[in-house]
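**Student:** Sharing a structure with you now.
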Amino acid sequence: MDIIYAIRELCRGEHGFENMFDKAKSQGKLSQLTGGDREAELFETLLYGNARETLIEMINDAYNFKQYAVKAHGLLMSDGLSAMDAKRALEIFFITFGFPGYRNIETSETLIDEQPSYKTVYEGEVKDGKPHGVGVRNFYYQGKWSGLDECVWIDGVMYGYDYAKELEFGAFEDQKIGFVVGDNFVGKMKVITSDGEEFDDPVTKFSVK
């Protein structure tokens with residue numbers, strides 16, 4: 001199995017994303033899923049090595065992920081990875097969780113959920129009839145567009161870098177940017193209002209032992 005799909009498979013189910021950071025619960029599972037691919041070892045170095053805390057900081061401040069990536073790259077090299085392997089370990093994380101510049105859609109399907117007053121239209125990667133992979137989900141309320149999420153879904157639940165838009169009071173279009181775990185933003189959510197104001201909206205931090 002490809003490393004990207006393997007990581008998403010590892011994250012399926014309740015607390016799967018959090019359990020990925022637990023060495024006792026997850027170490028070696030990526031190697032099993034990928035048939036011993038060396039990239040599983042690179043990714044585990046990111047999860048469990050010197051760059052671990054910086055990775056968690058990055059999740060909690062995803063809008064500024066590039067500055068954390070520079071620090072994490074150096075820490076991965078202190079764990080013995082070459083510059084190219086350190087870059088690849090970070091790239092795997094960015095692709096898996098849909099960071100800007102790393103969003104690859106290989107297949108696209110449309111899923112529609114229509115209720116009396118609202119409708120959602122998802123376009124993107126699908127597995128077992130659920131959003132699974134990179135996609136965009138638009139929301140409609142009483143026939144009018146009301147928002148969207150551009151994110152990664154794992155088994156129908158959002159995990160990853162989310163670019164969201166919401167229509168406030170039917171007129172003001174706010175942008176919300178950050179990292180989502182289990183459909184909820186974590187850490188600092190960047191809010192950009194329709195008049196150009198920008199501010200950080202702190203929410204519950206992502207933390208693991």
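Residues in the structure tokens are numbered from 1 in each chain, the chains being A, B, ... in the order shown, and ligands are numbered from 1 in the order shown.
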Taking the DSSP secondary structure from the backbone, can you list the residues of chain A that are strand (DSSP E), as a ChimeraX atom specification?

**Tutor:** /A:109-114,118-127,130-141,144-154,157-168,172-181,184-192,198-202

**Student:** Using only C-alpha atoms, which protein or nucleic acid residues come within 10 Å of Phe139 in chain A? Drop anything in the same chain fewer than 4 positions from it, and give the result as a list in words.

**Tutor:**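 Listing them by chain and then by number gives Asp113, Tyr118, Lys119, Thr120, Val121, Tyr122, Gly143, Lys144, Trp145, Ser146, Gly147, Leu148, Asp149, Lys165, Glu166 and Leu167 of chain A.
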
**Student:** Name all residues at most 10 Å from Met158 in chain A (count only C-alpha atoms; drop same-chain ones fewer than 3 positions away) and give them as a list of chain:residue names.

**Tutor:**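 Counting only C-alpha atoms, the residues come to A:Phe97, A:Pro131, A:His132, A:Gly133, A:Val134, A:Gly135, A:Asp149, A:Glu150, A:Cys151, A:Val152, A:Trp153, A:Ile154, A:Asp155, A:Tyr161, A:Asp162, A:Phe179, A:Val180, A:Val181, A:Gly182, A:Asp183, A:Asn184, A:Phe185.
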
**Student:** How would the residues just chosen look if you wrote them out with C-alpha atoms as a CSV table (one decimal), in the first residue's frame?

**Tutor:**
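Output file selection.csv is given in full below:
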chain,number,residue,atom,x,y,z
A,97,PHE,CA,-3.2,15.9,5.3
A,131,PRO,CA,-15.3,11.0,1.5
A,132,HIS,CA,-11.8,9.6,1.9
A,133,GLY,CA,-8.9,11.7,0.7
A,134,VAL,CA,-8.7,15.2,-0.7
A,135,GLY,CA,-12.0,16.9,-1.6
A,149,ASP,CA,-14.5,23.1,3.3
A,150,GLU,CA,-11.4,22.2,1.3
A,151,CYS,CA,-9.8,19.5,3.3
A,152,VAL,CA,-8.8,15.8,3.7
A,153,TRP,CA,-11.4,13.3,4.8
A,154,ILE,CA,-10.7,10.0,6.4
A,155,ASP,CA,-13.6,7.6,6.4
A,161,TYR,CA,-5.4,21.4,6.7
A,162,ASP,CA,-8.8,23.0,6.2
A,179,PHE,CA,-5.8,22.1,11.1
A,180,VAL,CA,-8.9,20.0,11.7
A,181,VAL,CA,-9.0,16.8,13.8
A,182,GLY,CA,-12.2,14.9,13.9
A,183,ASP,CA,-14.2,17.7,12.1
A,184,ASN,CA,-13.0,20.3,14.6
A,185,PHE,CA,-10.4,23.0,14.3

**Student:** Among range 8-171 of chain A, which ones does DSSP place in alpha helix (DSSP H), written as a VMD selection string?

**Tutor:** chain A and resid 8 to 10 16 to 20 23 to 26 29 to 34 38 to 48 52 to 60 65 to 78 83 to 96

**Student:** For the residues in the current selection, export C-alpha atoms as an mmCIF file, in the first residue's frame.

**Tutor:**
data_model
loop_
_atom_site.group_PDB
_atom_site.id
_atom_site.type_symbol
_atom_site.label_atom_id
_atom_site.label_comp_id
_atom_site.auth_asym_id
_atom_site.auth_seq_id
_atom_site.Cartn_x
_atom_site.Cartn_y
_atom_site.Cartn_z
ATOM 1 C CA ARG A 8 -4.927 7.517 6.232
ATOM 2 C CA GLU A 9 -5.821 3.881 6.854
ATOM 3 C CA LEU A 10 -3.996 4.059 10.182
ATOM 4 C CA GLY A 16 -7.122 6.918 15.081
ATOM 5 C CA PHE A 17 -5.283 10.172 14.379
ATOM 6 C CA GLU A 18 -4.325 10.586 18.031
ATOM 7 C CA ASN A 19 -3.297 6.930 18.312
ATOM 8 C CA MET A 20 -0.923 7.406 15.381
ATOM 9 C CA LYS A 23 4.390 4.659 19.797
ATOM 10 C CA ALA A 24 3.049 1.758 21.853
ATOM 11 C CA LYS A 25 -0.114 1.534 19.760
ATOM 12 C CA SER A 26 1.140 2.379 16.280
ATOM 13 C CA LYS A 29 1.854 -0.678 11.684
ATOM 14 C CA LEU A 30 2.807 1.529 8.738
ATOM 15 C CA SER A 31 5.562 -0.896 7.835
ATOM 16 C CA GLN A 32 3.000 -3.709 7.815
ATOM 17 C CA LEU A 33 0.553 -1.723 5.691
ATOM 18 C CA THR A 34 3.229 -0.686 3.181
ATOM 19 C CA ARG A 38 11.342 2.536 3.906
ATOM 20 C CA GLU A 39 9.102 5.619 3.788
ATOM 21 C CA ALA A 40 7.192 4.174 6.741
ATOM 22 C CA GLU A 41 10.424 4.407 8.741
ATOM 23 C CA LEU A 42 10.932 8.028 7.639
ATOM 24 C CA PHE A 43 7.436 8.963 8.759
ATOM 25 C CA GLU A 44 7.835 7.221 12.101
ATOM 26 C CA THR A 45 11.007 9.258 12.665
ATOM 27 C CA LEU A 46 8.849 12.375 12.253
ATOM 28 C CA LEU A 47 6.213 11.034 14.678
ATOM 29 C CA TYR A 48 8.480 9.697 17.413
ATOM 30 C CA ARG A 52 7.763 15.344 17.278
ATOM 31 C CA GLU A 53 7.059 18.436 19.411
ATOM 32 C CA THR A 54 7.627 20.755 16.455
ATOM 33 C CA LEU A 55 5.181 18.681 14.396
ATOM 34 C CA ILE A 56 2.555 19.066 17.119
ATOM 35 C CA GLU A 57 3.224 22.816 17.239
ATOM 36 C CA MET A 58 2.753 22.898 13.466
ATOM 37 C CA ILE A 59 -0.626 21.177 13.764
ATOM 38 C CA ASN A 60 -1.709 23.784 16.298
ATOM 39 C CA PHE A 65 3.343 25.634 8.793
ATOM 40 C CA LYS A 66 6.313 26.647 6.661
ATOM 41 C CA GLN A 67 8.269 28.116 9.577
ATOM 42 C CA TYR A 68 7.777 24.931 11.595
ATOM 43 C CA ALA A 69 8.813 22.833 8.605
ATOM 44 C CA VAL A 70 12.242 24.497 8.551
ATOM 45 C CA LYS A 71 12.812 23.689 12.235
ATOM 46 C CA ALA A 72 11.458 20.138 11.863
ATOM 47 C CA HIS A 73 13.755 19.492 8.901
ATOM 48 C CA GLY A 74 16.811 20.270 11.016
ATOM 49 C CA LEU A 75 15.572 18.103 13.869
ATOM 50 C CA LEU A 76 14.964 15.176 11.512
ATOM 51 C CA MET A 77 18.552 15.484 10.327
ATOM 52 C CA SER A 78 19.679 15.402 13.979
ATOM 53 C CA ALA A 83 18.511 16.259 3.961
ATOM 54 C CA MET A 84 16.509 14.528 1.199
ATOM 55 C CA ASP A 85 14.996 11.956 3.569
ATOM 56 C CA ALA A 86 14.059 14.681 6.061
ATOM 57 C CA LYS A 87 12.367 16.614 3.279
ATOM 58 C CA ARG A 88 10.487 13.501 2.194
ATOM 59 C CA ALA A 89 9.278 12.737 5.743
ATOM 60 C CA LEU A 90 7.708 16.204 5.923
ATOM 61 C CA GLU A 91 6.359 15.929 2.383
ATOM 62 C CA ILE A 92 4.557 12.705 3.308
ATOM 63 C CA PHE A 93 2.824 14.511 6.182
ATOM 64 C CA PHE A 94 1.885 17.487 4.006
ATOM 65 C CA ILE A 95 0.455 15.328 1.209
ATOM 66 C CA THR A 96 -1.422 13.017 3.572
#

**Student:** How many Å separate CA of Met189 in chain A from CA of Arg103 in chain A?

**Tutor:**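 Between CA of Met189 in chain A and CA of Arg103 in chain A the gap is 19.8 Å.
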
**Student:** Which value, in Å to one decimal, gives the distance between CA of Asp79 in chain A and CA of Ile7 in chain A?

**Tutor:**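 So the two atoms, CA of Asp79 in chain A and CA of Ile7 in chain A, lie 21.2 Å apart.
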
**Student:** For Tyr102 in chain A, which of A:Lys209, A:Gln142, A:Gly160, A:Met1 is the closest residue, counting only C-alpha atoms?

**Tutor:**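 Using only C-alpha atoms, the shortest distance to Tyr102 in chain A belongs to A:Gly160.
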
**Student:** What's around Asp195 in chain A at 12 Å? Count only C-alpha atoms, leave out sequence neighbours fewer than 6 positions away in its own chain, and write the answer as a list of chain:residue names.

**Tutor:**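 Close residues of Asp195 in chain A: A:Ala171, A:Phe172, A:Glu173, A:Asp174, A:Gln175.
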